[in-house]
>>> print(open('query-v9.pdb').read())   # PDB, C-alpha atoms
ATOM      1  CA  MET A   1     -58.772  79.073 -63.721  1.00  0.00           C
ATOM      2  CA  LEU A   2     -57.921  82.755 -63.166  1.00  0.00           C
ATOM      3  CA  LYS A   3     -59.605  84.837 -65.886  1.00  0.00           C
ATOM      4  CA  ILE A   4     -58.255  88.315 -66.682  1.00  0.00           C
ATOM      5  CA  ILE A   5     -59.597  91.239 -68.701  1.00  0.00           C
ATOM      6  CA  LEU A   6     -56.471  93.013 -69.944  1.00  0.00           C
ATOM      7  CA  CYS A   7     -56.716  96.758 -70.667  1.00  0.00           C
ATOM      8  CA  GLY A   8     -53.971  98.029 -72.956  1.00  0.00           C
ATOM      9  CA  CYS A   9     -53.488  94.580 -74.458  1.00  0.00           C
ATOM     10  CA  CYS A  10     -51.799  95.922 -77.612  1.00  0.00           C
ATOM     11  CA  GLY A  11     -49.186  97.998 -75.793  1.00  0.00           C
ATOM     12  CA  ARG A  12     -45.716  96.888 -74.704  1.00  0.00           C
ATOM     13  CA  MET A  13     -46.858  95.685 -71.303  1.00  0.00           C
ATOM     14  CA  GLY A  14     -50.051  94.169 -72.703  1.00  0.00           C
ATOM     15  CA  ARG A  15     -48.003  92.077 -75.118  1.00  0.00           C
ATOM     16  CA  ALA A  16     -45.637  91.038 -72.313  1.00  0.00           C
ATOM     17  CA  ILE A  17     -48.548  89.896 -70.124  1.00  0.00           C
ATOM     18  CA  THR A  18     -50.157  88.039 -73.030  1.00  0.00           C
ATOM     19  CA  GLU A  19     -46.910  86.171 -73.657  1.00  0.00           C
ATOM     20  CA  LEU A  20     -46.411  85.337 -69.984  1.00  0.00           C
ATOM     21  CA  VAL A  21     -49.996  84.111 -69.517  1.00  0.00           C
ATOM     22  CA  SER A  22     -49.681  81.886 -72.584  1.00  0.00           C
ATOM     23  CA  ARG A  23     -46.922  80.012 -70.708  1.00  0.00           C
ATOM     24  CA  THR A  24     -48.644  79.989 -67.307  1.00  0.00           C
ATOM     25  CA  GLU A  25     -50.956  77.219 -66.176  1.00  0.00           C
ATOM     26  CA  GLY A  26     -54.198  78.161 -64.470  1.00  0.00           C
ATOM     27  CA  VAL A  27     -54.381  81.670 -65.957  1.00  0.00           C
ATOM     28  CA  GLU A  28     -56.040  82.944 -69.128  1.00  0.00           C
ATOM     29  CA  ILE A  29     -56.919  86.290 -70.683  1.00  0.00           C
ATOM     30  CA  ALA A  30     -60.671  86.260 -71.218  1.00  0.00           C
ATOM     31  CA  ALA A  31     -60.720  89.535 -73.184  1.00  0.00           C
ATOM     32  CA  GLY A  32     -58.522  92.452 -74.148  1.00  0.00           C
ATOM     33  CA  ILE A  33     -59.290  96.164 -74.276  1.00  0.00           C
ATOM     34  CA  ASP A  34     -57.454  98.492 -76.652  1.00  0.00           C
ATOM     35  CA  PRO A  35     -58.648 101.391 -78.841  1.00  0.00           C
ATOM     36  CA  VAL A  36     -56.388 100.342 -81.728  1.00  0.00           C
ATOM     37  CA  GLY A  37     -57.916  96.845 -81.889  1.00  0.00           C
ATOM     38  CA  ALA A  38     -55.874  93.753 -82.645  1.00  0.00           C
ATOM     39  CA  SER A  39     -55.846  90.639 -84.759  1.00  0.00           C
ATOM     40  CA  GLY A  40     -54.063  87.385 -84.170  1.00  0.00           C
ATOM     41  CA  LEU A  41     -54.627  87.344 -80.427  1.00  0.00           C
ATOM     42  CA  ALA A  42     -56.149  84.285 -78.803  1.00  0.00           C
ATOM     43  CA  TYR A  43     -58.866  86.301 -77.087  1.00  0.00           C
ATOM     44  CA  PRO A  44     -61.502  88.852 -78.160  1.00  0.00           C
ATOM     45  CA  VAL A  45     -60.449  92.522 -78.153  1.00  0.00           C
ATOM     46  CA  PHE A  46     -62.834  95.432 -77.551  1.00  0.00           C
ATOM     47  CA  SER A  47     -62.079  99.081 -78.294  1.00  0.00           C
ATOM     48  CA  ASP A  48     -63.514 100.161 -74.934  1.00  0.00           C
ATOM     49  CA  ILE A  49     -64.233  98.266 -71.732  1.00  0.00           C
ATOM     50  CA  SER A  50     -67.804  99.593 -71.753  1.00  0.00           C
ATOM     51  CA  LEU A  51     -68.367  97.356 -74.813  1.00  0.00           C
ATOM     52  CA  CYS A  52     -66.994  94.243 -73.132  1.00  0.00           C
ATOM     53  CA  GLU A  53     -69.579  91.577 -72.304  1.00  0.00           C
ATOM     54  CA  VAL A  54     -67.031  89.007 -71.135  1.00  0.00           C
ATOM     55  CA  SER A  55     -66.903  88.170 -67.445  1.00  0.00           C
ATOM     56  CA  ALA A  56     -63.634  87.659 -65.561  1.00  0.00           C
ATOM     57  CA  ASP A  57     -62.176  87.377 -62.080  1.00  0.00           C
ATOM     58  CA  VAL A  58     -60.098  90.565 -62.296  1.00  0.00           C
ATOM     59  CA  VAL A  59     -59.290  93.504 -64.573  1.00  0.00           C
ATOM     60  CA  VAL A  60     -55.614  94.339 -65.178  1.00  0.00           C
ATOM     61  CA  ASP A  61     -54.958  97.838 -66.544  1.00  0.00           C
ATOM     62  CA  PHE A  62     -51.756  98.833 -68.335  1.00  0.00           C
ATOM     63  CA  SER A  63     -53.388 101.371 -70.645  1.00  0.00           C
ATOM     64  CA  HIS A  64     -53.595 105.135 -70.037  1.00  0.00           C
ATOM     65  CA  ARG A  65     -54.972 107.339 -67.281  1.00  0.00           C
ATOM     66  CA  SER A  66     -57.714 108.550 -69.657  1.00  0.00           C
ATOM     67  CA  ALA A  67     -59.286 105.066 -69.541  1.00  0.00           C
ATOM     68  CA  LEU A  68     -59.588 105.019 -65.750  1.00  0.00           C
ATOM     69  CA  GLY A  69     -63.160 106.348 -65.563  1.00  0.00           C
ATOM     70  CA  ASN A  70     -64.620 103.679 -67.844  1.00  0.00           C
ATOM     71  CA  ILE A  71     -62.613 100.962 -66.115  1.00  0.00           C
ATOM     72  CA  LEU A  72     -63.918 101.989 -62.696  1.00  0.00           C
ATOM     73  CA  ASP A  73     -67.489 102.142 -64.060  1.00  0.00           C
ATOM     74  CA  PHE A  74     -67.144  98.617 -65.480  1.00  0.00           C
ATOM     75  CA  CYS A  75     -65.688  97.245 -62.243  1.00  0.00           C
ATOM     76  CA  ARG A  76     -68.444  98.817 -60.175  1.00  0.00           C
ATOM     77  CA  ARG A  77     -71.166  97.521 -62.478  1.00  0.00           C
ATOM     78  CA  THR A  78     -69.780  93.989 -62.580  1.00  0.00           C
ATOM     79  CA  ALA A  79     -68.340  93.875 -59.035  1.00  0.00           C
ATOM     80  CA  THR A  80     -64.931  92.987 -60.485  1.00  0.00           C
ATOM     81  CA  PRO A  81     -61.683  93.834 -58.636  1.00  0.00           C
ATOM     82  CA  ALA A  82     -58.954  95.588 -60.599  1.00  0.00           C
ATOM     83  CA  VAL A  83     -55.175  95.849 -60.734  1.00  0.00           C
ATOM     84  CA  LEU A  84     -54.353  99.422 -61.775  1.00  0.00           C
ATOM     85  CA  ALA A  85     -50.803  99.655 -63.122  1.00  0.00           C
ATOM     86  CA  SER A  86     -51.050 102.765 -65.309  1.00  0.00           C
ATOM     87  CA  THR A  87     -49.038 105.825 -64.276  1.00  0.00           C
ATOM     88  CA  GLY A  88     -49.376 109.585 -64.658  1.00  0.00           C
ATOM     89  CA  TYR A  89     -52.630 109.853 -62.711  1.00  0.00           C
ATOM     90  CA  LEU A  90     -53.848 113.400 -62.062  1.00  0.00           C
ATOM     91  CA  PRO A  91     -55.287 114.480 -58.683  1.00  0.00           C
ATOM     92  CA  GLU A  92     -58.844 114.061 -60.009  1.00  0.00           C
ATOM     93  CA  ASP A  93     -57.985 110.502 -61.075  1.00  0.00           C
ATOM     94  CA  ILE A  94     -56.806 109.683 -57.564  1.00  0.00           C
ATOM     95  CA  GLU A  95     -60.057 111.107 -56.158  1.00  0.00           C
ATOM     96  CA  ALA A  96     -62.094 108.926 -58.529  1.00  0.00           C
ATOM     97  CA  LEU A  97     -60.007 105.886 -57.623  1.00  0.00           C
ATOM     98  CA  GLU A  98     -60.433 106.472 -53.897  1.00  0.00           C
ATOM     99  CA  ALA A  99     -64.194 106.928 -54.305  1.00  0.00           C
ATOM    100  CA  ALA A 100     -64.500 103.680 -56.264  1.00  0.00           C
ATOM    101  CA  ALA A 101     -62.440 101.834 -53.654  1.00  0.00           C
ATOM    102  CA  LYS A 102     -65.282 102.370 -51.189  1.00  0.00           C
ATOM    103  CA  GLU A 103     -67.330  99.967 -53.327  1.00  0.00           C
ATOM    104  CA  ILE A 104     -64.814  97.579 -54.930  1.00  0.00           C
ATOM    105  CA  PRO A 105     -61.328  96.191 -54.229  1.00  0.00           C
ATOM    106  CA  LEU A 106     -58.598  98.006 -56.190  1.00  0.00           C
ATOM    107  CA  PHE A 107     -54.892  97.203 -56.354  1.00  0.00           C
ATOM    108  CA  ARG A 108     -52.626 100.111 -57.216  1.00  0.00           C
ATOM    109  CA  SER A 109     -48.873 100.178 -57.603  1.00  0.00           C
ATOM    110  CA  ALA A 110     -46.554 102.587 -59.410  1.00  0.00           C
ATOM    111  CA  ASN A 111     -44.357  99.611 -60.275  1.00  0.00           C
ATOM    112  CA  MET A 112     -45.470  95.989 -60.503  1.00  0.00           C
ATOM    113  CA  SER A 113     -41.991  94.526 -59.971  1.00  0.00           C
ATOM    114  CA  ILE A 114     -41.567  92.474 -56.792  1.00  0.00           C
ATOM    115  CA  GLY A 115     -37.956  93.684 -56.713  1.00  0.00           C
ATOM    116  CA  VAL A 116     -39.060  97.320 -56.643  1.00  0.00           C
ATOM    117  CA  ALA A 117     -41.475  96.510 -53.814  1.00  0.00           C
ATOM    118  CA  ILE A 118     -38.546  95.179 -51.792  1.00  0.00           C
ATOM    119  CA  LEU A 119     -36.416  98.171 -52.857  1.00  0.00           C
ATOM    120  CA  THR A 120     -39.097 100.468 -51.439  1.00  0.00           C
ATOM    121  CA  ARG A 121     -38.959  98.701 -48.091  1.00  0.00           C
ATOM    122  CA  LEU A 122     -35.168  98.975 -47.989  1.00  0.00           C
ATOM    123  CA  VAL A 123     -35.285 102.686 -48.856  1.00  0.00           C
ATOM    124  CA  ARG A 124     -37.783 103.386 -46.081  1.00  0.00           C
ATOM    125  CA  GLU A 125     -35.595 101.560 -43.548  1.00  0.00           C
ATOM    126  CA  ALA A 126     -32.399 103.241 -44.777  1.00  0.00           C
ATOM    127  CA  SER A 127     -34.010 106.671 -44.530  1.00  0.00           C
ATOM    128  CA  SER A 128     -34.952 105.932 -40.929  1.00  0.00           C
ATOM    129  CA  LEU A 129     -31.433 104.784 -40.028  1.00  0.00           C
ATOM    130  CA  PHE A 130     -29.499 107.546 -41.822  1.00  0.00           C
ATOM    131  CA  GLY A 131     -31.683 110.384 -40.574  1.00  0.00           C
ATOM    132  CA  ASP A 132     -30.552 113.872 -41.592  1.00  0.00           C
ATOM    133  CA  ASP A 133     -26.881 112.897 -41.746  1.00  0.00           C
ATOM    134  CA  PHE A 134     -27.223 111.715 -45.349  1.00  0.00           C
ATOM    135  CA  ASP A 135     -28.481 113.643 -48.374  1.00  0.00           C
ATOM    136  CA  VAL A 136     -30.924 111.768 -50.601  1.00  0.00           C
ATOM    137  CA  GLU A 137     -30.968 111.811 -54.410  1.00  0.00           C
ATOM    138  CA  ILE A 138     -33.252 109.697 -56.618  1.00  0.00           C
ATOM    139  CA  ILE A 139     -32.202 108.960 -60.194  1.00  0.00           C
ATOM    140  CA  GLU A 140     -34.508 107.133 -62.610  1.00  0.00           C
ATOM    141  CA  ARG A 141     -33.797 106.095 -66.202  1.00  0.00           C
ATOM    142  CA  HIS A 142     -36.318 105.046 -68.853  1.00  0.00           C
ATOM    143  CA  HIS A 143     -36.690 104.666 -72.620  1.00  0.00           C
ATOM    144  CA  ASN A 144     -37.227 107.678 -74.859  1.00  0.00           C
ATOM    145  CA  GLN A 145     -40.928 106.921 -75.384  1.00  0.00           C
ATOM    146  CA  LYS A 146     -41.959 107.340 -71.746  1.00  0.00           C
ATOM    147  CA  LEU A 147     -44.345 110.262 -71.326  1.00  0.00           C
ATOM    148  CA  ASP A 148     -44.235 111.109 -67.616  1.00  0.00           C
ATOM    149  CA  ALA A 149     -41.237 112.385 -65.654  1.00  0.00           C
ATOM    150  CA  PRO A 150     -40.331 111.724 -62.963  1.00  0.00           C
ATOM    151  CA  SER A 151     -41.644 108.180 -63.057  1.00  0.00           C
ATOM    152  CA  GLY A 152     -44.382 107.048 -60.731  1.00  0.00           C
ATOM    153  CA  THR A 153     -41.880 104.695 -59.146  1.00  0.00           C
ATOM    154  CA  ALA A 154     -39.478 107.567 -58.393  1.00  0.00           C
ATOM    155  CA  LEU A 155     -42.292 109.451 -56.677  1.00  0.00           C
ATOM    156  CA  HIS A 156     -43.188 106.295 -54.746  1.00  0.00           C
ATOM    157  CA  LEU A 157     -39.566 105.963 -53.598  1.00  0.00           C
ATOM    158  CA  ALA A 158     -39.551 109.612 -52.528  1.00  0.00           C
ATOM    159  CA  LYS A 159     -42.639 108.877 -50.444  1.00  0.00           C
ATOM    160  CA  ALA A 160     -40.791 105.967 -48.817  1.00  0.00           C
ATOM    161  CA  VAL A 161     -37.883 108.301 -47.971  1.00  0.00           C
ATOM    162  CA  LYS A 162     -40.316 110.722 -46.324  1.00  0.00           C
ATOM    163  CA  GLU A 163     -42.004 107.943 -44.357  1.00  0.00           C
ATOM    164  CA  GLY A 164     -38.684 106.842 -42.896  1.00  0.00           C
ATOM    165  CA  ALA A 165     -37.174 110.299 -42.358  1.00  0.00           C
ATOM    166  CA  ALA A 166     -36.936 111.903 -38.934  1.00  0.00           C
ATOM    167  CA  SER A 167     -37.750 115.368 -40.316  1.00  0.00           C
ATOM    168  CA  PRO A 168     -39.839 116.702 -43.243  1.00  0.00           C
ATOM    169  CA  LYS A 169     -38.457 116.217 -46.766  1.00  0.00           C
ATOM    170  CA  THR A 170     -39.377 117.942 -50.038  1.00  0.00           C
ATOM    171  CA  GLU A 171     -38.780 116.833 -53.628  1.00  0.00           C
ATOM    172  CA  ILE A 172     -36.593 119.225 -55.645  1.00  0.00           C
ATOM    173  CA  TYR A 173     -36.830 118.843 -59.416  1.00  0.00           C
ATOM    174  CA  ASP A 174     -34.925 121.727 -60.948  1.00  0.00           C
ATOM    175  CA  ARG A 175     -31.786 123.039 -59.297  1.00  0.00           C
ATOM    176  CA  HIS A 176     -30.380 125.004 -62.235  1.00  0.00           C
ATOM    177  CA  ALA A 177     -32.925 127.793 -61.717  1.00  0.00           C
ATOM    178  CA  VAL A 178     -31.667 128.631 -58.204  1.00  0.00           C
ATOM    179  CA  ARG A 179     -28.047 129.164 -57.173  1.00  0.00           C
ATOM    180  CA  ARG A 180     -27.798 128.080 -53.550  1.00  0.00           C
ATOM    181  CA  LYS A 181     -26.404 125.282 -51.438  1.00  0.00           C
ATOM    182  CA  ARG A 182     -28.329 122.071 -51.074  1.00  0.00           C
ATOM    183  CA  GLU A 183     -30.589 121.883 -48.024  1.00  0.00           C
ATOM    184  CA  LYS A 184     -30.908 118.833 -45.764  1.00  0.00           C
ATOM    185  CA  SER A 185     -34.643 118.704 -46.391  1.00  0.00           C
ATOM    186  CA  GLU A 186     -34.221 118.103 -50.126  1.00  0.00           C
ATOM    187  CA  ILE A 187     -34.838 114.904 -52.053  1.00  0.00           C
ATOM    188  CA  GLY A 188     -33.178 115.506 -55.407  1.00  0.00           C
ATOM    189  CA  MET A 189     -35.214 114.053 -58.297  1.00  0.00           C
ATOM    190  CA  HIS A 190     -33.552 113.284 -61.634  1.00  0.00           C
ATOM    191  CA  ALA A 191     -35.136 111.781 -64.766  1.00  0.00           C
ATOM    192  CA  VAL A 192     -33.108 110.333 -67.647  1.00  0.00           C
ATOM    193  CA  ARG A 193     -34.793 109.446 -70.955  1.00  0.00           C
ATOM    194  CA  GLY A 194     -33.001 107.632 -73.750  1.00  0.00           C
ATOM    195  CA  GLY A 195     -32.832 104.636 -76.019  1.00  0.00           C
ATOM    196  CA  THR A 196     -34.622 101.472 -74.942  1.00  0.00           C
ATOM    197  CA  ILE A 197     -33.911 101.527 -71.191  1.00  0.00           C
ATOM    198  CA  ILE A 198     -36.731  99.500 -69.646  1.00  0.00           C
ATOM    199  CA  GLY A 199     -36.492 100.955 -66.164  1.00  0.00           C
ATOM    200  CA  GLU A 200     -33.757 101.736 -63.650  1.00  0.00           C
ATOM    201  CA  HIS A 201     -34.153 103.364 -60.240  1.00  0.00           C
ATOM    202  CA  GLU A 202     -31.415 104.378 -57.829  1.00  0.00           C
ATOM    203  CA  VAL A 203     -31.705 105.982 -54.401  1.00  0.00           C
ATOM    204  CA  LEU A 204     -28.417 107.546 -53.322  1.00  0.00           C
ATOM    205  CA  PHE A 205     -27.707 108.316 -49.659  1.00  0.00           C
ATOM    206  CA  ALA A 206     -24.679 110.617 -49.539  1.00  0.00           C
ATOM    207  CA  GLY A 207     -23.014 111.275 -46.188  1.00  0.00           C
ATOM    208  CA  TRP A 208     -19.653 112.507 -44.884  1.00  0.00           C
ATOM    209  CA  ASN A 209     -16.964 110.653 -46.838  1.00  0.00           C
ATOM    210  CA  GLU A 210     -19.292 107.777 -47.748  1.00  0.00           C
ATOM    211  CA  THR A 211     -22.238 107.010 -49.996  1.00  0.00           C
ATOM    212  CA  VAL A 212     -24.759 104.187 -50.039  1.00  0.00           C
ATOM    213  CA  SER A 213     -26.679 103.394 -53.213  1.00  0.00           C
ATOM    214  CA  ILE A 214     -29.765 101.152 -53.366  1.00  0.00           C
ATOM    215  CA  SER A 215     -30.920 100.381 -56.876  1.00  0.00           C
ATOM    216  CA  HIS A 216     -33.067  98.205 -59.106  1.00  0.00           C
ATOM    217  CA  SER A 217     -32.692  97.514 -62.812  1.00  0.00           C
ATOM    218  CA  ALA A 218     -35.357  95.797 -64.900  1.00  0.00           C
ATOM    219  CA  GLN A 219     -33.812  93.513 -67.535  1.00  0.00           C
ATOM    220  CA  SER A 220     -37.128  92.739 -69.215  1.00  0.00           C
ATOM    221  CA  ARG A 221     -40.749  93.890 -69.094  1.00  0.00           C
ATOM    222  CA  GLU A 222     -41.579  90.376 -67.962  1.00  0.00           C
ATOM    223  CA  VAL A 223     -40.720  91.371 -64.366  1.00  0.00           C
ATOM    224  CA  PHE A 224     -43.667  93.798 -64.437  1.00  0.00           C
ATOM    225  CA  ALA A 225     -45.895  91.274 -66.192  1.00  0.00           C
ATOM    226  CA  SER A 226     -45.078  88.636 -63.571  1.00  0.00           C
ATOM    227  CA  GLY A 227     -45.887  91.049 -60.739  1.00  0.00           C
ATOM    228  CA  ALA A 228     -49.170  92.033 -62.399  1.00  0.00           C
ATOM    229  CA  VAL A 229     -50.288  88.419 -62.756  1.00  0.00           C
ATOM    230  CA  ARG A 230     -49.307  87.778 -59.151  1.00  0.00           C
ATOM    231  CA  ALA A 231     -51.345  90.815 -58.067  1.00  0.00           C
ATOM    232  CA  ALA A 232     -54.277  89.625 -60.192  1.00  0.00           C
ATOM    233  CA  ALA A 233     -54.245  86.230 -58.471  1.00  0.00           C
ATOM    234  CA  PHE A 234     -54.198  87.984 -55.098  1.00  0.00           C
ATOM    235  CA  MET A 235     -57.041  90.359 -55.966  1.00  0.00           C
ATOM    236  CA  ALA A 236     -59.242  87.590 -57.360  1.00  0.00           C
ATOM    237  CA  GLY A 237     -59.605  86.372 -53.784  1.00  0.00           C
ATOM    238  CA  VAL A 238     -60.254  89.799 -52.237  1.00  0.00           C
ATOM    239  CA  LYS A 239     -63.862  90.694 -51.517  1.00  0.00           C
ATOM    240  CA  THR A 240     -63.499  93.674 -49.171  1.00  0.00           C
ATOM    241  CA  PRO A 241     -63.505  97.113 -50.872  1.00  0.00           C
ATOM    242  CA  GLY A 242     -60.375  99.220 -50.454  1.00  0.00           C
ATOM    243  CA  ILE A 243     -57.034 100.094 -52.001  1.00  0.00           C
ATOM    244  CA  TYR A 244     -54.415  97.339 -51.891  1.00  0.00           C
ATOM    245  CA  GLY A 245     -50.714  97.238 -52.778  1.00  0.00           C
ATOM    246  CA  MET A 246     -47.595  95.089 -52.818  1.00  0.00           C
ATOM    247  CA  ASP A 247     -47.305  95.087 -49.041  1.00  0.00           C
ATOM    248  CA  ASP A 248     -50.696  93.332 -48.875  1.00  0.00           C
ATOM    249  CA  ILE A 249     -49.373  90.527 -51.095  1.00  0.00           C
ATOM    250  CA  PHE A 250     -46.383  90.074 -48.785  1.00  0.00           C
ATOM    251  CA  ALA A 251     -48.642  90.128 -45.713  1.00  0.00           C
ATOM    252  CA  GLY A 252     -50.757  87.359 -47.157  1.00  0.00           C
ATOM    253  CA  GLU A 253     -47.816  85.007 -47.667  1.00  0.00           C
TER
END
>>> encode(input="query-v9.pdb", output="C-alpha cells")
Amino acid sequence: MLKIILCGCCGRMGRAITELVSRTEGVEIAAGIDPVGASGLAYPVFSDISLCEVSADVVVDFSHRSALGNILDFCRRTATPAVLASTGYLPEDIEALEAAAKEIPLFRSANMSIGVAILTRLVREASSLFGDDFDVEIIERHHNQKLDAPSGTALHLAKAVKEGAASPKTEIYDRHAVRRKREKSEIGMHAVRGGTIIGEHEVLFAGWNETVSISHSAQSREVFASGAVRAAAFMAGVKTPGIYGMDDIFAGE
C-alpha cells in the first residue's frame, strides 16, 4: 500500500488527488496538511506538516512556496522522499531545495501532466531541428485565480527551447515598451488569465510562409493528479538523494 502525506489537501489540486486516490487501489492518503483545516475527509488533517506524526512513503506537495521550508525539514527528519508540485519558487527556494536534495530524494516538476512531459520533449527536438530559421513564441492560458505569470510550465518549455537551440535564446516578456523588430534570439512569452481555464500551453514555431504549433490542453485537473500519484509511486522506491523529474519516470519504464 502506497501511503501519501498530501500538502495542500484542501486546495483544488488537493481535492482532485483525494478524489483520484479514493478510486485507486493500492494507494491511500495517510494524512493531509492545510492551514485552513478540513472536515469530512477520510484522513487526519494538520495545519502544518511540523505537527504531523503520521508516517508515509512519500510527501506530495500542491500547497504554496511558503510551505517549502517546513516540508523539507519534515522530509529530512523522517527520511521521506517528496514530490514537489508547487510553482512560483523564488531563487532562495531553489537553493533550499537543492541543498535538501543532497540528503533526500526530491521530485520536482513545473507540471505533473504526462502529456506536458511529452510536449516538452517534442519542443526540445523541434527547436533543434528548426534552428534559427523559425521564431519561437510561447502562449499559456490559465484561470483568473492563478497567481504567477508566466506559468512554471511556460518557463520550463522555454528552457526546453534553449536546450534544443543552436544559438542562445532569451525570454522576452513585454514588447510594448520597446519599438523595434523582433530578434532571432527572442522567445516571446505571453500569459493569458481568464475564467476557469485549467491550463493550456502552446509553443509556436513561425518560419518563412509556414508555422508549426505544438500544444497541450488540460481538460481536467485529474491529469495533474494522475501524474502526481504516478510520481509518488516512483519516488516511494527511490533511496538515492537527488532531484528527479518526469524523464526519470520514463527512463524507469
>>> resolve_selection(input="query-v9.pdb", expression="the PyMOL selection byres ((chain A and resi 33) around 12)", output="VMD selection string")
chain A and resid 4 to 11 14 29 to 32 34 to 38 41 43 to 54 59 to 64 67 70 to 71
>>> closest_residue(input="query-v9.pdb", among="A:Asn111, A:Arg124, A:Asp135, A:Ile17", to="Asn209 of chain A", atoms="all atoms listed in the file")
A:Asp135
>>> resolve_selection(input="query-v9.pdb", expression="the PyMOL selection byres ((chain A and resi 240-251) around 6)", output="PDB file with C-alpha atoms, in the coordinates of the input")
ATOM      1  CA  ALA A 101     -62.440 101.834 -53.654  1.00  0.00           C
ATOM      2  CA  LYS A 102     -65.282 102.370 -51.189  1.00  0.00           C
ATOM      3  CA  GLU A 103     -67.330  99.967 -53.327  1.00  0.00           C
ATOM      4  CA  ILE A 104     -64.814  97.579 -54.930  1.00  0.00           C
ATOM      5  CA  PRO A 105     -61.328  96.191 -54.229  1.00  0.00           C
ATOM      6  CA  LEU A 106     -58.598  98.006 -56.190  1.00  0.00           C
ATOM      7  CA  PHE A 107     -54.892  97.203 -56.354  1.00  0.00           C
ATOM      8  CA  ARG A 108     -52.626 100.111 -57.216  1.00  0.00           C
ATOM      9  CA  SER A 109     -48.873 100.178 -57.603  1.00  0.00           C
ATOM     10  CA  VAL A 238     -60.254  89.799 -52.237  1.00  0.00           C
ATOM     11  CA  LYS A 239     -63.862  90.694 -51.517  1.00  0.00           C
ATOM     12  CA  GLY A 252     -50.757  87.359 -47.157  1.00  0.00           C
ATOM     13  CA  GLU A 253     -47.816  85.007 -47.667  1.00  0.00           C
TER      14      GLU A 253
END
>>> residues_around(input="query-v9.pdb", residues="segment 87-98 of chain A", least_positions_apart="6", cutoff="7 Å", atoms="only C-alpha atoms", output="VMD selection string")
chain A and resid 65 110 148 152
>>> closest_residue(input="query-v9.pdb", among="A:Leu84, A:Ala218, A:Ala177, A:Ala42", to="Thr196 of chain A", atoms="all atoms listed in the file")
A:Ala218
>>> resolve_selection(input="query-v9.pdb", expression="the PyMOL selection byres ((chain A and resi 216) around 9)", output="list in words")
Gly115, Val116, Leu119, Gly199, Glu200, His201, Glu202, Ile214, Ser215, Ser217 and Ala218 of chain A
>>> atom_distance(input="query-v9.pdb", atom1="atom CA of Ile197 of chain A", atom2="atom CA of Asn144 of chain A")
7.9 Å
>>> closest_residue(input="query-v9.pdb", among="A:Met189, A:Phe134, A:Asp174, A:Lys169", to="Ser151 of chain A", atoms="all atoms listed in the file")
A:Met189
>>> closest_residue(input="query-v9.pdb", among="A:Gly227, A:Gly69, A:Pro150, A:Gly131", to="Phe205 of chain A", atoms="only C-alpha atoms")
A:Gly131
>>> atom_distance(input="query-v9.pdb", atom1="atom CA of Ile138 of chain A", atom2="atom CA of Ala228 of chain A")
24.5 Å
>>> residues_around(input="query-v9.pdb", residues="segment 182-188 of chain A", least_positions_apart="2", cutoff="8 Å", atoms="only C-alpha atoms", output="compact mmCIF listing (two decimals) with C-alpha atoms, in the frame of the given file")
# COMPACT_ATOMS: atom_id res chain seq x y z
CA ASP A 132 -30.55 113.87 -41.59
CA ASP A 135 -28.48 113.64 -48.37
CA VAL A 136 -30.92 111.77 -50.60
CA GLU A 137 -30.97 111.81 -54.41
CA ILE A 138 -33.25 109.70 -56.62
CA ALA A 158 -39.55 109.61 -52.53
CA SER A 167 -37.75 115.37 -40.32
CA PRO A 168 -39.84 116.70 -43.24
CA LYS A 169 -38.46 116.22 -46.77
CA THR A 170 -39.38 117.94 -50.04
CA GLU A 171 -38.78 116.83 -53.63
CA ILE A 172 -36.59 119.22 -55.64
CA TYR A 173 -36.83 118.84 -59.42
CA ARG A 180 -27.80 128.08 -53.55
CA HIS A 190 -33.55 113.28 -61.63
>>> residues_near_point(input="query-v9.pdb", point="(-57.9, 87.4, -61.3)", cutoff="10 Å", atoms="all atoms listed in the file", output="PDB file with C-alpha atoms, in the coordinates of the input")
ATOM      1  CA  MET A   1     -58.772  79.073 -63.721  1.00  0.00           C
ATOM      2  CA  LEU A   2     -57.921  82.755 -63.166  1.00  0.00           C
ATOM      3  CA  LYS A   3     -59.605  84.837 -65.886  1.00  0.00           C
ATOM      4  CA  ILE A   4     -58.255  88.315 -66.682  1.00  0.00           C
ATOM      5  CA  ILE A   5     -59.597  91.239 -68.701  1.00  0.00           C
ATOM      6  CA  VAL A  27     -54.381  81.670 -65.957  1.00  0.00           C
ATOM      7  CA  GLU A  28     -56.040  82.944 -69.128  1.00  0.00           C
ATOM      8  CA  ILE A  29     -56.919  86.290 -70.683  1.00  0.00           C
ATOM      9  CA  ALA A  56     -63.634  87.659 -65.561  1.00  0.00           C
ATOM     10  CA  ASP A  57     -62.176  87.377 -62.080  1.00  0.00           C
ATOM     11  CA  VAL A  58     -60.098  90.565 -62.296  1.00  0.00           C
ATOM     12  CA  VAL A  59     -59.290  93.504 -64.573  1.00  0.00           C
ATOM     13  CA  VAL A  60     -55.614  94.339 -65.178  1.00  0.00           C
ATOM     14  CA  THR A  80     -64.931  92.987 -60.485  1.00  0.00           C
ATOM     15  CA  PRO A  81     -61.683  93.834 -58.636  1.00  0.00           C
ATOM     16  CA  ALA A  82     -58.954  95.588 -60.599  1.00  0.00           C
ATOM     17  CA  VAL A  83     -55.175  95.849 -60.734  1.00  0.00           C
ATOM     18  CA  ALA A 228     -49.170  92.033 -62.399  1.00  0.00           C
ATOM     19  CA  VAL A 229     -50.288  88.419 -62.756  1.00  0.00           C
ATOM     20  CA  ARG A 230     -49.307  87.778 -59.151  1.00  0.00           C
ATOM     21  CA  ALA A 231     -51.345  90.815 -58.067  1.00  0.00           C
ATOM     22  CA  ALA A 232     -54.277  89.625 -60.192  1.00  0.00           C
ATOM     23  CA  ALA A 233     -54.245  86.230 -58.471  1.00  0.00           C
ATOM     24  CA  PHE A 234     -54.198  87.984 -55.098  1.00  0.00           C
ATOM     25  CA  MET A 235     -57.041  90.359 -55.966  1.00  0.00           C
ATOM     26  CA  ALA A 236     -59.242  87.590 -57.360  1.00  0.00           C
ATOM     27  CA  GLY A 237     -59.605  86.372 -53.784  1.00  0.00           C
ATOM     28  CA  VAL A 238     -60.254  89.799 -52.237  1.00  0.00           C
TER      29      VAL A 238
END
>>> atom_distance(input="query-v9.pdb", atom1="atom CA of Ser86 of chain A", atom2="atom CA of Ile198 of chain A")
15.3 Å
>>> axis_aligned_box(input="query-v9.pdb", around="segment 103-113 of chain A", padding_each_side="4 Å", output="lines of an AutoDock Vina configuration file")
center_x = -54.7
center_y = 98.6
center_z = -56.9
size_x = 33.3
size_y = 16.1
size_z = 15.2
